[in-house]
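Worksheet for the structure shown next.
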Amino acid sequence: MKNLFDNTQIAFSLKSDTELERAYFLFKLIANEPLVRIGTAVTNFAIKASLPVEGLIRATVFDHFCGGVNEDDSLRVVDKMFTKGVSSVLDYSVEGKEEEEQFDAVLEKTLKLIAFAKEKKSIPFAVFKPSGFGRINLYEEVSLGKKLTGAELEEWEKVVARFEKVCKASFESDVALLIDAEESWMQDAVDALVEEMMRKYNKTKPIVFNTLQLYRWDRLDYLKKLHEKAKNEGFFIGMKLVRGAYMEKENERAIEKGYPSPICASKEATDINYDSAVKYMVEHIDRMSIFEGTHNEASTYSLMELMESKGIQSTDDRIWFGQLYGMSDTISYNLADSGYNVAKYLPFGPVKDVMPYLIRRAEENTSVAGQTSRELEMIKAERNRRKGK
């Protein structure tokens, strides 16, 4: 089992030589932190100044990390990946909106994705990000338990109604729904809303999934308390488990506002927290479903070993492995080839609207020690294999 992810022939079987070279070029670029900073600044400027750079972006970074400019455009990638047993989670990756009509547009898009998923075996989950349904500051006020003004209360009721509408649609369509995590200062409001949806729609199996960011030291405890509620109130738990995406922002804010950081003290502590949460869920798999979102090979092996020790089949629908499109193909395709449930998060949206997501991806890759070097090492190995070296 331990060398499973070294098979580059399986991992890159869908990539042409040209696509492999593009991947090599992009990860070489991402490995260079100053270049990422310069590239980010230049790209932002070019887009804001309406310079004709969309074609270049589309041909390079966009096509590597995204499925297309809309859901129909993305189906080509969805179908292609599914030939190798890798499913897709279509992720409308437009960030940073603040207006009610924009939130309603994201709602409509999410409902459309649920309908898409209902019709296609290759799309087992729908997904949305809570900040796509309402203002971040409003979630924060609700998280803090502040008394809302009449207008804010009305606004919050619209957020709740959007959650209700998509969760109900998922339940009626029998499509599992992943709800992404946000920054800690707005997550309490999200958790409370998602819990309410779980109570309502997870009575016979997990349909609604929350997300635990396990670089937060309090999340395992939260999971255990939620489990108690689920047992007492008779509902199932769906969880996407990730390490987390906002570490620098979280630490900076904690220092600035003078409260203890919600982030684990070290990478080792985060890894222990993550693997403990996975273990806890596997031990209580009778009431839970896991979507393990990780690019970490050790964590992936760990879950595979847990499944084996508990006699859980690789095809058991309660356990899914997930990675982002354009990354960790060595994990995704080798897992799928071995019969495990695998889904790639497949971002899509207009090029200029998806740029904040792509920039965050590049910055995260630069800051995650070992991630980019591992990608490069595997791409190099496949290039050499194809050249017969």
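Chain labels A, B, ... are given in the sequence in which chains occur in the structure tokens; within each chain residues are numbered consecutively from 1, and ligands are likewise numbered from 1 in the order shown.
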
So that I can check the surroundings of Gly339 in chain A, please list as a list in words every protein, DNA and RNA residue that reaches within 7 Å of it, counting only C-alpha atoms and ignoring chain neighbours fewer than 3 positions away.
Ser314, Thr315, Leu335 and Ala336 of chain A

Do a neighbour search on Leu138 in chain A at 10 Å with only C-alpha atoms, toss out local chain neighbours closer than 3 positions, and write the hits as number ranges by chain.
A: 131, 134-135, 141-144, 146, 148, 152-153, 155-156, 159, 186, 189

Would you pick out the contacts of Lys200 in chain A at 12 Å or less, using only C-alpha atoms, so that residues sharing its chain but fewer than 5 positions from it are not included, and give the list as a list in words?
Phe163, Glu164, Cys167, Lys168, Ser170, Phe171, Leu193, Val194, Glu195, Lys205, Pro206, Ile207, Val208, Ala230, Glu233, Gly234, Phe235, Phe236 and Ile237 of chain A

If you run DSSP on the backbone here, which positions in range 83-120 of chain A get helix (DSSP H, G or I)? Please write them as a ChimeraX atom specification.
/A:100-119

Determine which residues of range 217-307 of chain A DSSP labels as strand (DSSP E) from the backbone of this structure, then write them out as number ranges by chain.
A: 237-242, 288-293

Fewer than 2 positions away in the same chain doesn't count, so skip those; otherwise give me all residues within 9 Å of Tyr274 in chain A, counting only C-alpha atoms, as a list of chain:residue names.
A:Gln213, A:Leu214, A:Tyr215, A:Leu220, A:Leu241, A:Val242, A:Arg243, A:Ala269, A:Thr270, A:Asp271, A:Ile272, A:Ser276, A:Ala277, A:Val278, A:Lys279, A:Ser299

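Distances from A:Tyr92, A:Tyr246, A:Tyr357, A:Phe65 to Ala105 in chain A were compared using only C-alpha atoms, and the smallest one belongs to A:Tyr92.
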
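Atom pair CA of Asn210 in chain A / CA of Leu178 in chain A: separated by 6.3 Å.
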
Excluding Glu19 in chain A and residues on its chain fewer than 4 positions from it, collect all residues at most 10 Å away from it, counting only C-alpha atoms, and give them as a VMD selection string.
chain A and resid 12 14 to 15 23 to 25 60 63 to 64

If we count only C-alpha atoms and set the cut-off at 9 Å, which residues sit around Asp191 in chain A, ignoring sequence neighbours fewer than 5 positions away in its own chain? Please answer as a list in words.
Ala181, Glu196, Asn210 and Thr211 of chain A

Output N, CA and C atoms for every residue in that selection, as a CSV table (one decimal), in the first residue's frame.
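again.csv was written with the following content:
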chain,number,residue,atom,x,y,z
A,181,ALA,N,-16.3,25.6,4.8
A,181,ALA,CA,-16.0,26.3,6.0
A,181,ALA,C,-15.5,27.7,5.7
A,196,GLU,N,-28.9,22.8,12.1
A,196,GLU,CA,-30.4,22.8,12.0
A,196,GLU,C,-30.8,22.1,10.7
A,210,ASN,N,-21.3,19.4,6.8
A,210,ASN,CA,-20.5,20.6,7.2
A,210,ASN,C,-19.0,20.4,6.9
A,211,THR,N,-18.2,21.4,7.2
A,211,THR,CA,-16.7,21.2,7.0
A,211,THR,C,-16.0,21.6,8.3

If you take only C-alpha atoms and a cut-off of 12 Å, which residues of range 41-128 of chain A touch range 324-328 of chain A, and what are their nearest atom pairs and distances in Å to one decimal, in chain and number order, as JSON lines?
{"residue": "A:Thr60", "atom": "CA", "partner": "A:Gly326", "partner_atom": "CA", "distance": 11.5}
{"residue": "A:Val61", "atom": "CA", "partner": "A:Gly326", "partner_atom": "CA", "distance": 9.4}
{"residue": "A:Phe62", "atom": "CA", "partner": "A:Gly326", "partner_atom": "CA", "distance": 9.7}
{"residue": "A:Asp63", "atom": "CA", "partner": "A:Gly326", "partner_atom": "CA", "distance": 8.7}
{"residue": "A:His64", "atom": "CA", "partner": "A:Gly326", "partner_atom": "CA", "distance": 5.4}
{"residue": "A:Phe65", "atom": "CA", "partner": "A:Gly326", "partner_atom": "CA", "distance": 4.7}
{"residue": "A:Cys66", "atom": "CA", "partner": "A:Tyr325", "partner_atom": "CA", "distance": 6.8}
{"residue": "A:Gly67", "atom": "CA", "partner": "A:Tyr325", "partner_atom": "CA", "distance": 8.0}
{"residue": "A:Gly68", "atom": "CA", "partner": "A:Tyr325", "partner_atom": "CA", "distance": 11.6}
{"residue": "A:Ser74", "atom": "CA", "partner": "A:Tyr325", "partner_atom": "CA", "distance": 11.7}
{"residue": "A:Val77", "atom": "CA", "partner": "A:Tyr325", "partner_atom": "CA", "distance": 9.9}
{"residue": "A:Val78", "atom": "CA", "partner": "A:Tyr325", "partner_atom": "CA", "distance": 10.4}
{"residue": "A:Met81", "atom": "CA", "partner": "A:Tyr325", "partner_atom": "CA", "distance": 10.0}
{"residue": "A:Val86", "atom": "CA", "partner": "A:Tyr325", "partner_atom": "CA", "distance": 10.5}
{"residue": "A:Ser87", "atom": "CA", "partner": "A:Tyr325", "partner_atom": "CA", "distance": 10.7}
{"residue": "A:Ser88", "atom": "CA", "partner": "A:Tyr325", "partner_atom": "CA", "distance": 8.7}
{"residue": "A:Val89", "atom": "CA", "partner": "A:Leu324", "partner_atom": "CA", "distance": 9.3}
{"residue": "A:Leu90", "atom": "CA", "partner": "A:Tyr325", "partner_atom": "CA", "distance": 10.2}
{"residue": "A:Asp91", "atom": "CA", "partner": "A:Leu324", "partner_atom": "CA", "distance": 10.1}

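Distance-wise, CA of Arg383 in chain A and CA of Gln9 in chain A end up 9.8 Å apart.
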
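Rounded to one decimal, CA of Glu250 in chain A and CA of Lys225 in chain A lie 23.5 Å from each other.
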